[in-house]
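For reference, the structure is listed below as structure tokens.
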Amino acid sequence: QVQLVESGGGLVQAGGSLRLSCVASGLIFSFDPMGWYRQAPGKQRELVAVVSSGGITNYADSVKGRFTISRDNPKKTVDLQMDSLKAEDTAVYYCYVRRSVITYWGQGTQVTVSS
């Protein structure tokens with residue numbers, strides 16, 4: 001069983017920065033995609049950023065150039081550095097890892113950006 005625990009959410013003014021961290025326990029491999037989704041009130045959950053096999057990263061168009069995802073495989077962590085935050089980045093952010101056909105989720109951490 002894989003468990004994910006996020007930290008680092010909070011309240012920040014527009015233009016500010018936050019760093020989210022996620023640590024996994026259980027068996028995961030470096031080639032398992034690991035990253036972050038977010039869900040704003042009244043909206044569907046959307047992919048923010050992911051690190052896949054070989055360290056390949058992908059970002060949502062809305063966060064490119066502002067967010068940076070990083071992964072430490074021995075520590076089983078994935079971080080999301082969020083800069084130049086906007087009000088529309090306000091959401092609950094969820095860490096995830098995909099092991100074969102199963103996706104594991106963290107409990108979510110709230111990010112609120114005030115304008």
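In the structure tokens, the first chain shown is A, the next is B, and so on; residue numbers restart at 1 for each chain, and ligands run from 1 in the order shown.
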
Contacts of Leu18 (chain A) at 8 Å (only C-alpha atoms; same-chain gap of 4+ positions) as a count of residues only:
7

Tell me, as an NGL selection string, which residues lie within 6 Å of region 49-63 of chain A, counting only C-alpha atoms; anything in the same chain fewer than 3 positions away does not count.
:A and (31 or 33-36 or 66-67)

Measuring atom to atom with only C-alpha atoms, identify which of A:Thr77, A:Cys95, A:Leu27, A:Gly106 is nearest to Glu46 (chain A).
A:Cys95

Taking the chain letters and numbering used in this document, name the residues of chain A that DSSP puts in strand (DSSP E or B), as number ranges by chain.
A: 3-7, 10-13, 18-25, 34-39, 46-51, 57-59, 67-72, 77-82, 91-99, 102-105, 109-114

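Separating CA of Tyr104 (chain A) from CA of Ser70 (chain A) is a distance of 18.3 Å.
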
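Interatomic distance, CA of Gln3 (chain A) to CA of Ser25 (chain A): 5.2 Å.
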
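Of note, CA of Ala24 (chain A) and CA of Val101 (chain A) are spaced 17.4 Å apart.
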
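The smallest atom-to-atom distance between Arg98 (chain A) and any of A:Ser17, A:Ser30, A:Gln110, A:Asn73, using only C-alpha atoms, is found for A:Ser30.
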
Helix (DSSP H, G or I) per DSSP on the backbone: members of chain A, as a list of chain:residue names:
A:Ser53, A:Gly54, A:Gly55, A:Ala87, A:Glu88, A:Asp89

Since we have the selection now, will you write its residues out, keeping N, CA, C and O atoms, as a PDB file, in the first residue's frame?
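out-v7.pdb, freshly written:
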```pdb
ATOM      1  N   SER A  53       8.920   8.753 -16.104  1.00  0.00           N
ATOM      2  CA  SER A  53      10.137   7.952 -16.246  1.00  0.00           C
ATOM      3  C   SER A  53      11.247   8.757 -16.920  1.00  0.00           C
ATOM      4  O   SER A  53      11.001   9.472 -17.884  1.00  0.00           O
ATOM      5  N   GLY A  54      12.440   8.639 -16.396  1.00  0.00           N
ATOM      6  CA  GLY A  54      13.567   9.359 -16.972  1.00  0.00           C
ATOM      7  C   GLY A  54      13.629  10.809 -16.576  1.00  0.00           C
ATOM      8  O   GLY A  54      14.440  11.565 -17.108  1.00  0.00           O
ATOM      9  N   GLY A  55      12.779  11.203 -15.654  1.00  0.00           N
ATOM     10  CA  GLY A  55      12.790  12.584 -15.185  1.00  0.00           C
ATOM     11  C   GLY A  55      12.099  13.555 -16.108  1.00  0.00           C
ATOM     12  O   GLY A  55      12.259  14.778 -15.960  1.00  0.00           O
ATOM     13  N   ALA A  87      -4.459  34.582  -8.350  1.00  0.00           N
ATOM     14  CA  ALA A  87      -5.690  34.213  -7.651  1.00  0.00           C
ATOM     15  C   ALA A  87      -6.282  32.925  -8.229  1.00  0.00           C
ATOM     16  O   ALA A  87      -6.836  32.102  -7.489  1.00  0.00           O
ATOM     17  N   GLU A  88      -6.143  32.737  -9.524  1.00  0.00           N
ATOM     18  CA  GLU A  88      -6.707  31.545 -10.158  1.00  0.00           C
ATOM     19  C   GLU A  88      -5.943  30.265  -9.840  1.00  0.00           C
ATOM     20  O   GLU A  88      -6.360  29.175 -10.243  1.00  0.00           O
ATOM     21  N   ASP A  89      -4.843  30.377  -9.119  1.00  0.00           N
ATOM     22  CA  ASP A  89      -4.134  29.183  -8.652  1.00  0.00           C
ATOM     23  C   ASP A  89      -4.744  28.645  -7.352  1.00  0.00           C
ATOM     24  O   ASP A  89      -4.337  27.578  -6.872  1.00  0.00           O
TER      25      ASP A  89
END
```

Give me the residues within 12 Å of Thr109 (chain A) as a PDB file with all heavy atoms, in the first residue's frame, counting only C-alpha atoms and dropping any in the same chain fewer than 2 places off.
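So the final result, stored in result02.pdb, reads:
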```pdb
ATOM      1  N   LEU A   4       0.583   8.836   0.710  1.00  0.00           N
ATOM      2  CA  LEU A   4       1.191  10.106   0.344  1.00  0.00           C
ATOM      3  C   LEU A   4       0.763  11.168   1.346  1.00  0.00           C
ATOM      4  O   LEU A   4      -0.422  11.260   1.687  1.00  0.00           O
ATOM      5  CB  LEU A   4       0.749  10.524  -1.061  1.00  0.00           C
ATOM      6  CG  LEU A   4       1.071   9.554  -2.199  1.00  0.00           C
ATOM      7  CD1 LEU A   4       0.327   9.946  -3.459  1.00  0.00           C
ATOM      8  CD2 LEU A   4       2.552   9.497  -2.454  1.00  0.00           C
ATOM      9  N   VAL A   5       1.724  11.967   1.785  1.00  0.00           N
ATOM     10  CA  VAL A   5       1.430  13.034   2.734  1.00  0.00           C
ATOM     11  C   VAL A   5       1.984  14.338   2.185  1.00  0.00           C
ATOM     12  O   VAL A   5       3.187  14.437   1.910  1.00  0.00           O
ATOM     13  CB  VAL A   5       2.035  12.740   4.116  1.00  0.00           C
ATOM     14  CG1 VAL A   5       1.763  13.903   5.062  1.00  0.00           C
ATOM     15  CG2 VAL A   5       1.470  11.439   4.681  1.00  0.00           C
ATOM     16  N   GLU A   6       1.080  15.318   2.033  1.00  0.00           N
ATOM     17  CA  GLU A   6       1.490  16.623   1.505  1.00  0.00           C
ATOM     18  C   GLU A   6       1.691  17.620   2.642  1.00  0.00           C
ATOM     19  O   GLU A   6       1.113  17.473   3.717  1.00  0.00           O
ATOM     20  CB  GLU A   6       0.424  17.187   0.549  1.00  0.00           C
ATOM     21  CG  GLU A   6       0.076  16.325  -0.629  1.00  0.00           C
ATOM     22  CD  GLU A   6      -1.324  15.780  -0.556  1.00  0.00           C
ATOM     23  OE1 GLU A   6      -1.820  15.618   0.583  1.00  0.00           O
ATOM     24  OE2 GLU A   6      -1.925  15.512  -1.599  1.00  0.00           O
ATOM     25  N   SER A   7       2.456  18.643   2.337  1.00  0.00           N
ATOM     26  CA  SER A   7       2.633  19.757   3.261  1.00  0.00           C
ATOM     27  C   SER A   7       2.992  20.999   2.461  1.00  0.00           C
ATOM     28  O   SER A   7       3.389  20.901   1.291  1.00  0.00           O
ATOM     29  CB  SER A   7       3.716  19.458   4.288  1.00  0.00           C
ATOM     30  OG  SER A   7       4.957  19.233   3.644  1.00  0.00           O
ATOM     31  N   GLY A   8       2.834  22.159   3.096  1.00  0.00           N
ATOM     32  CA  GLY A   8       3.312  23.394   2.480  1.00  0.00           C
ATOM     33  C   GLY A   8       2.256  24.322   1.944  1.00  0.00           C
ATOM     34  O   GLY A   8       2.583  25.408   1.466  1.00  0.00           O
ATOM     35  N   GLY A   9       0.988  23.955   2.013  1.00  0.00           N
ATOM     36  CA  GLY A   9      -0.043  24.859   1.536  1.00  0.00           C
ATOM     37  C   GLY A   9      -0.211  26.050   2.472  1.00  0.00           C
ATOM     38  O   GLY A   9       0.415  26.121   3.534  1.00  0.00           O
ATOM     39  N   GLY A  10      -1.070  26.978   2.066  1.00  0.00           N
ATOM     40  CA  GLY A  10      -1.323  28.131   2.915  1.00  0.00           C
ATOM     41  C   GLY A  10      -1.898  29.287   2.135  1.00  0.00           C
ATOM     42  O   GLY A  10      -2.369  29.129   1.005  1.00  0.00           O
ATOM     43  N   LEU A  11      -1.856  30.449   2.779  1.00  0.00           N
ATOM     44  CA  LEU A  11      -2.384  31.682   2.206  1.00  0.00           C
ATOM     45  C   LEU A  11      -1.224  32.578   1.792  1.00  0.00           C
ATOM     46  O   LEU A  11      -0.280  32.783   2.572  1.00  0.00           O
ATOM     47  CB  LEU A  11      -3.260  32.392   3.240  1.00  0.00           C
ATOM     48  CG  LEU A  11      -3.774  33.788   2.875  1.00  0.00           C
ATOM     49  CD1 LEU A  11      -4.715  33.716   1.681  1.00  0.00           C
ATOM     50  CD2 LEU A  11      -4.464  34.415   4.082  1.00  0.00           C
ATOM     51  N   LEU A  18       4.988  29.760  -2.962  1.00  0.00           N
ATOM     52  CA  LEU A  18       4.794  28.679  -1.995  1.00  0.00           C
ATOM     53  C   LEU A  18       5.503  27.451  -2.530  1.00  0.00           C
ATOM     54  O   LEU A  18       5.663  27.290  -3.753  1.00  0.00           O
ATOM     55  CB  LEU A  18       3.313  28.348  -1.809  1.00  0.00           C
ATOM     56  CG  LEU A  18       2.456  29.235  -0.909  1.00  0.00           C
ATOM     57  CD1 LEU A  18       1.009  28.771  -0.966  1.00  0.00           C
ATOM     58  CD2 LEU A  18       2.958  29.201   0.528  1.00  0.00           C
ATOM     59  N   ARG A  19       5.876  26.592  -1.608  1.00  0.00           N
ATOM     60  CA  ARG A  19       6.478  25.321  -2.006  1.00  0.00           C
ATOM     61  C   ARG A  19       5.703  24.193  -1.359  1.00  0.00           C
ATOM     62  O   ARG A  19       5.570  24.148  -0.132  1.00  0.00           O
ATOM     63  CB  ARG A  19       7.948  25.247  -1.588  1.00  0.00           C
ATOM     64  CG  ARG A  19       8.679  24.023  -2.127  1.00  0.00           C
ATOM     65  CD  ARG A  19      10.155  24.065  -1.744  1.00  0.00           C
ATOM     66  NE  ARG A  19      10.907  22.949  -2.308  1.00  0.00           N
ATOM     67  CZ  ARG A  19      11.497  22.976  -3.500  1.00  0.00           C
ATOM     68  NH1 ARG A  19      11.411  24.075  -4.247  1.00  0.00           N
ATOM     69  NH2 ARG A  19      12.171  21.923  -3.938  1.00  0.00           N
ATOM     70  N   LEU A  20       5.191  23.299  -2.174  1.00  0.00           N
ATOM     71  CA  LEU A  20       4.485  22.124  -1.686  1.00  0.00           C
ATOM     72  C   LEU A  20       5.428  20.929  -1.699  1.00  0.00           C
ATOM     73  O   LEU A  20       6.244  20.787  -2.618  1.00  0.00           O
ATOM     74  CB  LEU A  20       3.268  21.820  -2.564  1.00  0.00           C
ATOM     75  CG  LEU A  20       2.250  22.938  -2.760  1.00  0.00           C
ATOM     76  CD1 LEU A  20       1.082  22.422  -3.600  1.00  0.00           C
ATOM     77  CD2 LEU A  20       1.763  23.471  -1.430  1.00  0.00           C
ATOM     78  N   SER A  21       5.290  20.094  -0.686  1.00  0.00           N
ATOM     79  CA  SER A  21       6.096  18.880  -0.608  1.00  0.00           C
ATOM     80  C   SER A  21       5.195  17.678  -0.402  1.00  0.00           C
ATOM     81  O   SER A  21       4.134  17.785   0.218  1.00  0.00           O
ATOM     82  CB  SER A  21       7.098  18.980   0.548  1.00  0.00           C
ATOM     83  OG  SER A  21       8.026  20.011   0.324  1.00  0.00           O
ATOM     84  N   CYS A  22       5.625  16.562  -0.920  1.00  0.00           N
ATOM     85  CA  CYS A  22       4.879  15.317  -0.781  1.00  0.00           C
ATOM     86  C   CYS A  22       5.874  14.187  -0.562  1.00  0.00           C
ATOM     87  O   CYS A  22       6.857  14.075  -1.305  1.00  0.00           O
ATOM     88  CB  CYS A  22       4.057  15.057  -2.037  1.00  0.00           C
ATOM     89  SG  CYS A  22       3.208  13.464  -2.084  1.00  0.00           S
ATOM     90  N   TRP A  36       1.390  16.367  -9.279  1.00  0.00           N
ATOM     91  CA  TRP A  36       0.384  17.147  -8.580  1.00  0.00           C
ATOM     92  C   TRP A  36      -0.811  17.444  -9.481  1.00  0.00           C
ATOM     93  O   TRP A  36      -0.650  17.792 -10.659  1.00  0.00           O
ATOM     94  CB  TRP A  36       0.991  18.485  -8.131  1.00  0.00           C
ATOM     95  CG  TRP A  36       2.073  18.349  -7.133  1.00  0.00           C
ATOM     96  CD1 TRP A  36       3.409  18.149  -7.391  1.00  0.00           C
ATOM     97  CD2 TRP A  36       1.932  18.364  -5.715  1.00  0.00           C
ATOM     98  NE1 TRP A  36       4.106  18.050  -6.208  1.00  0.00           N
ATOM     99  CE2 TRP A  36       3.217  18.178  -5.170  1.00  0.00           C
ATOM    100  CE3 TRP A  36       0.853  18.538  -4.848  1.00  0.00           C
ATOM    101  CZ2 TRP A  36       3.447  18.154  -3.786  1.00  0.00           C
ATOM    102  CZ3 TRP A  36       1.080  18.515  -3.488  1.00  0.00           C
ATOM    103  CH2 TRP A  36       2.359  18.324  -2.971  1.00  0.00           C
ATOM    104  N   TYR A  37      -2.000  17.309  -8.888  1.00  0.00           N
ATOM    105  CA  TYR A  37      -3.239  17.784  -9.464  1.00  0.00           C
ATOM    106  C   TYR A  37      -3.757  18.895  -8.551  1.00  0.00           C
ATOM    107  O   TYR A  37      -3.293  19.045  -7.421  1.00  0.00           O
ATOM    108  CB  TYR A  37      -4.291  16.670  -9.519  1.00  0.00           C
ATOM    109  CG  TYR A  37      -4.288  15.837 -10.765  1.00  0.00           C
ATOM    110  CD1 TYR A  37      -3.287  14.890 -10.976  1.00  0.00           C
ATOM    111  CD2 TYR A  37      -5.300  15.964 -11.709  1.00  0.00           C
ATOM    112  CE1 TYR A  37      -3.300  14.099 -12.116  1.00  0.00           C
ATOM    113  CE2 TYR A  37      -5.318  15.163 -12.851  1.00  0.00           C
ATOM    114  CZ  TYR A  37      -4.316  14.238 -13.041  1.00  0.00           C
ATOM    115  OH  TYR A  37      -4.332  13.458 -14.167  1.00  0.00           O
ATOM    116  N   ARG A  38      -4.727  19.616  -9.029  1.00  0.00           N
ATOM    117  CA  ARG A  38      -5.421  20.590  -8.203  1.00  0.00           C
ATOM    118  C   ARG A  38      -6.904  20.626  -8.562  1.00  0.00           C
ATOM    119  O   ARG A  38      -7.278  20.285  -9.677  1.00  0.00           O
ATOM    120  CB  ARG A  38      -4.806  21.983  -8.330  1.00  0.00           C
ATOM    121  CG  ARG A  38      -5.014  22.653  -9.681  1.00  0.00           C
ATOM    122  CD  ARG A  38      -4.264  23.978  -9.728  1.00  0.00           C
ATOM    123  NE  ARG A  38      -4.436  24.662 -11.016  1.00  0.00           N
ATOM    124  CZ  ARG A  38      -3.785  25.767 -11.361  1.00  0.00           C
ATOM    125  NH1 ARG A  38      -2.912  26.329 -10.506  1.00  0.00           N
ATOM    126  NH2 ARG A  38      -4.004  26.317 -12.543  1.00  0.00           N
ATOM    127  N   GLN A  39      -7.692  21.050  -7.587  1.00  0.00           N
ATOM    128  CA  GLN A  39      -9.124  21.178  -7.810  1.00  0.00           C
ATOM    129  C   GLN A  39      -9.620  22.452  -7.149  1.00  0.00           C
ATOM    130  O   GLN A  39      -9.531  22.600  -5.927  1.00  0.00           O
ATOM    131  CB  GLN A  39      -9.888  19.965  -7.276  1.00  0.00           C
ATOM    132  CG  GLN A  39     -11.354  19.969  -7.639  1.00  0.00           C
ATOM    133  CD  GLN A  39     -12.012  18.620  -7.398  1.00  0.00           C
ATOM    134  OE1 GLN A  39     -11.519  17.793  -6.644  1.00  0.00           O
ATOM    135  NE2 GLN A  39     -13.130  18.401  -8.069  1.00  0.00           N
ATOM    136  N   ALA A  40     -10.147  23.347  -7.974  1.00  0.00           N
ATOM    137  CA  ALA A  40     -10.729  24.585  -7.477  1.00  0.00           C
ATOM    138  C   ALA A  40     -12.223  24.367  -7.252  1.00  0.00           C
ATOM    139  O   ALA A  40     -12.822  23.470  -7.855  1.00  0.00           O
ATOM    140  CB  ALA A  40     -10.498  25.713  -8.481  1.00  0.00           C
ATOM    141  N   THR A  90      -5.690  29.374  -6.789  1.00  0.00           N
ATOM    142  CA  THR A  90      -6.345  28.935  -5.568  1.00  0.00           C
ATOM    143  C   THR A  90      -7.060  27.611  -5.800  1.00  0.00           C
ATOM    144  O   THR A  90      -7.875  27.487  -6.716  1.00  0.00           O
ATOM    145  CB  THR A  90      -7.351  29.992  -5.086  1.00  0.00           C
ATOM    146  OG1 THR A  90      -6.638  31.171  -4.713  1.00  0.00           O
ATOM    147  CG2 THR A  90      -8.142  29.477  -3.899  1.00  0.00           C
ATOM    148  N   ALA A  91      -6.737  26.622  -4.984  1.00  0.00           N
ATOM    149  CA  ALA A  91      -7.292  25.276  -5.152  1.00  0.00           C
ATOM    150  C   ALA A  91      -6.770  24.389  -4.037  1.00  0.00           C
ATOM    151  O   ALA A  91      -5.864  24.769  -3.286  1.00  0.00           O
ATOM    152  CB  ALA A  91      -6.890  24.697  -6.504  1.00  0.00           C
ATOM    153  N   VAL A  92      -7.344  23.201  -3.970  1.00  0.00           N
ATOM    154  CA  VAL A  92      -6.742  22.145  -3.160  1.00  0.00           C
ATOM    155  C   VAL A  92      -5.787  21.380  -4.073  1.00  0.00           C
ATOM    156  O   VAL A  92      -6.178  20.958  -5.165  1.00  0.00           O
ATOM    157  CB  VAL A  92      -7.807  21.196  -2.578  1.00  0.00           C
ATOM    158  CG1 VAL A  92      -7.135  20.081  -1.783  1.00  0.00           C
ATOM    159  CG2 VAL A  92      -8.774  21.970  -1.683  1.00  0.00           C
ATOM    160  N   TYR A  93      -4.567  21.228  -3.627  1.00  0.00           N
ATOM    161  CA  TYR A  93      -3.538  20.554  -4.409  1.00  0.00           C
ATOM    162  C   TYR A  93      -3.329  19.143  -3.871  1.00  0.00           C
ATOM    163  O   TYR A  93      -3.145  18.957  -2.661  1.00  0.00           O
ATOM    164  CB  TYR A  93      -2.237  21.346  -4.370  1.00  0.00           C
ATOM    165  CG  TYR A  93      -2.277  22.580  -5.229  1.00  0.00           C
ATOM    166  CD1 TYR A  93      -3.071  23.663  -4.886  1.00  0.00           C
ATOM    167  CD2 TYR A  93      -1.527  22.659  -6.405  1.00  0.00           C
ATOM    168  CE1 TYR A  93      -3.124  24.796  -5.694  1.00  0.00           C
ATOM    169  CE2 TYR A  93      -1.563  23.782  -7.214  1.00  0.00           C
ATOM    170  CZ  TYR A  93      -2.374  24.844  -6.853  1.00  0.00           C
ATOM    171  OH  TYR A  93      -2.422  25.963  -7.654  1.00  0.00           O
ATOM    172  N   TYR A  94      -3.338  18.182  -4.788  1.00  0.00           N
ATOM    173  CA  TYR A  94      -3.218  16.778  -4.431  1.00  0.00           C
ATOM    174  C   TYR A  94      -1.965  16.182  -5.058  1.00  0.00           C
ATOM    175  O   TYR A  94      -1.757  16.285  -6.275  1.00  0.00           O
ATOM    176  CB  TYR A  94      -4.421  15.984  -4.930  1.00  0.00           C
ATOM    177  CG  TYR A  94      -5.734  16.391  -4.326  1.00  0.00           C
ATOM    178  CD1 TYR A  94      -6.526  17.372  -4.920  1.00  0.00           C
ATOM    179  CD2 TYR A  94      -6.204  15.780  -3.158  1.00  0.00           C
ATOM    180  CE1 TYR A  94      -7.741  17.741  -4.374  1.00  0.00           C
ATOM    181  CE2 TYR A  94      -7.421  16.155  -2.604  1.00  0.00           C
ATOM    182  CZ  TYR A  94      -8.177  17.130  -3.217  1.00  0.00           C
ATOM    183  OH  TYR A  94      -9.377  17.494  -2.670  1.00  0.00           O
ATOM    184  N   CYS A  95      -1.190  15.544  -4.248  1.00  0.00           N
ATOM    185  CA  CYS A  95      -0.059  14.764  -4.728  1.00  0.00           C
ATOM    186  C   CYS A  95      -0.572  13.396  -5.182  1.00  0.00           C
ATOM    187  O   CYS A  95      -1.535  12.865  -4.598  1.00  0.00           O
ATOM    188  CB  CYS A  95       0.946  14.602  -3.589  1.00  0.00           C
ATOM    189  SG  CYS A  95       2.345  13.527  -3.928  1.00  0.00           S
ATOM    190  N   TRP A 105      -3.461   8.778  -3.981  1.00  0.00           N
ATOM    191  CA  TRP A 105      -3.624  10.207  -3.766  1.00  0.00           C
ATOM    192  C   TRP A 105      -3.287  10.586  -2.330  1.00  0.00           C
ATOM    193  O   TRP A 105      -3.538   9.813  -1.406  1.00  0.00           O
ATOM    194  CB  TRP A 105      -5.075  10.626  -4.034  1.00  0.00           C
ATOM    195  CG  TRP A 105      -5.519  10.409  -5.440  1.00  0.00           C
ATOM    196  CD1 TRP A 105      -6.168   9.312  -5.936  1.00  0.00           C
ATOM    197  CD2 TRP A 105      -5.364  11.306  -6.541  1.00  0.00           C
ATOM    198  NE1 TRP A 105      -6.415   9.476  -7.282  1.00  0.00           N
ATOM    199  CE2 TRP A 105      -5.941  10.697  -7.682  1.00  0.00           C
ATOM    200  CE3 TRP A 105      -4.795  12.576  -6.677  1.00  0.00           C
ATOM    201  CZ2 TRP A 105      -5.958  11.313  -8.936  1.00  0.00           C
ATOM    202  CZ3 TRP A 105      -4.812  13.176  -7.925  1.00  0.00           C
ATOM    203  CH2 TRP A 105      -5.386  12.553  -9.031  1.00  0.00           C
ATOM    204  N   GLY A 106      -2.770  11.795  -2.194  1.00  0.00           N
ATOM    205  CA  GLY A 106      -2.638  12.365  -0.871  1.00  0.00           C
ATOM    206  C   GLY A 106      -3.960  12.960  -0.432  1.00  0.00           C
ATOM    207  O   GLY A 106      -4.949  12.955  -1.177  1.00  0.00           O
ATOM    208  N   GLN A 107      -3.982  13.499   0.778  1.00  0.00           N
ATOM    209  CA  GLN A 107      -5.225  14.024   1.335  1.00  0.00           C
ATOM    210  C   GLN A 107      -5.538  15.428   0.825  1.00  0.00           C
ATOM    211  O   GLN A 107      -6.663  15.914   0.984  1.00  0.00           O
ATOM    212  CB  GLN A 107      -5.142  14.047   2.873  1.00  0.00           C
ATOM    213  CG  GLN A 107      -4.361  15.211   3.479  1.00  0.00           C
ATOM    214  CD  GLN A 107      -2.850  15.066   3.365  1.00  0.00           C
ATOM    215  OE1 GLN A 107      -2.330  14.073   2.842  1.00  0.00           O
ATOM    216  NE2 GLN A 107      -2.131  16.066   3.869  1.00  0.00           N
ATOM    217  N   VAL A 111      -4.281  25.713  -1.068  1.00  0.00           N
ATOM    218  CA  VAL A 111      -3.495  26.888  -1.462  1.00  0.00           C
ATOM    219  C   VAL A 111      -4.481  28.001  -1.790  1.00  0.00           C
ATOM    220  O   VAL A 111      -5.369  27.830  -2.639  1.00  0.00           O
ATOM    221  CB  VAL A 111      -2.606  26.596  -2.688  1.00  0.00           C
ATOM    222  CG1 VAL A 111      -1.972  27.880  -3.214  1.00  0.00           C
ATOM    223  CG2 VAL A 111      -1.528  25.581  -2.329  1.00  0.00           C
ATOM    224  N   THR A 112      -4.340  29.109  -1.102  1.00  0.00           N
ATOM    225  CA  THR A 112      -5.212  30.250  -1.330  1.00  0.00           C
ATOM    226  C   THR A 112      -4.363  31.464  -1.684  1.00  0.00           C
ATOM    227  O   THR A 112      -3.459  31.827  -0.922  1.00  0.00           O
ATOM    228  CB  THR A 112      -6.072  30.568  -0.097  1.00  0.00           C
ATOM    229  OG1 THR A 112      -6.843  29.414   0.256  1.00  0.00           O
ATOM    230  CG2 THR A 112      -7.010  31.727  -0.372  1.00  0.00           C
TER     231      THR A 112
END
```

Calculated over only C-alpha atoms, which of the candidates A:Leu80, A:Ile69, A:Val113, A:Ile28 has the smallest distance to Arg99 (chain A)?
A:Ile28
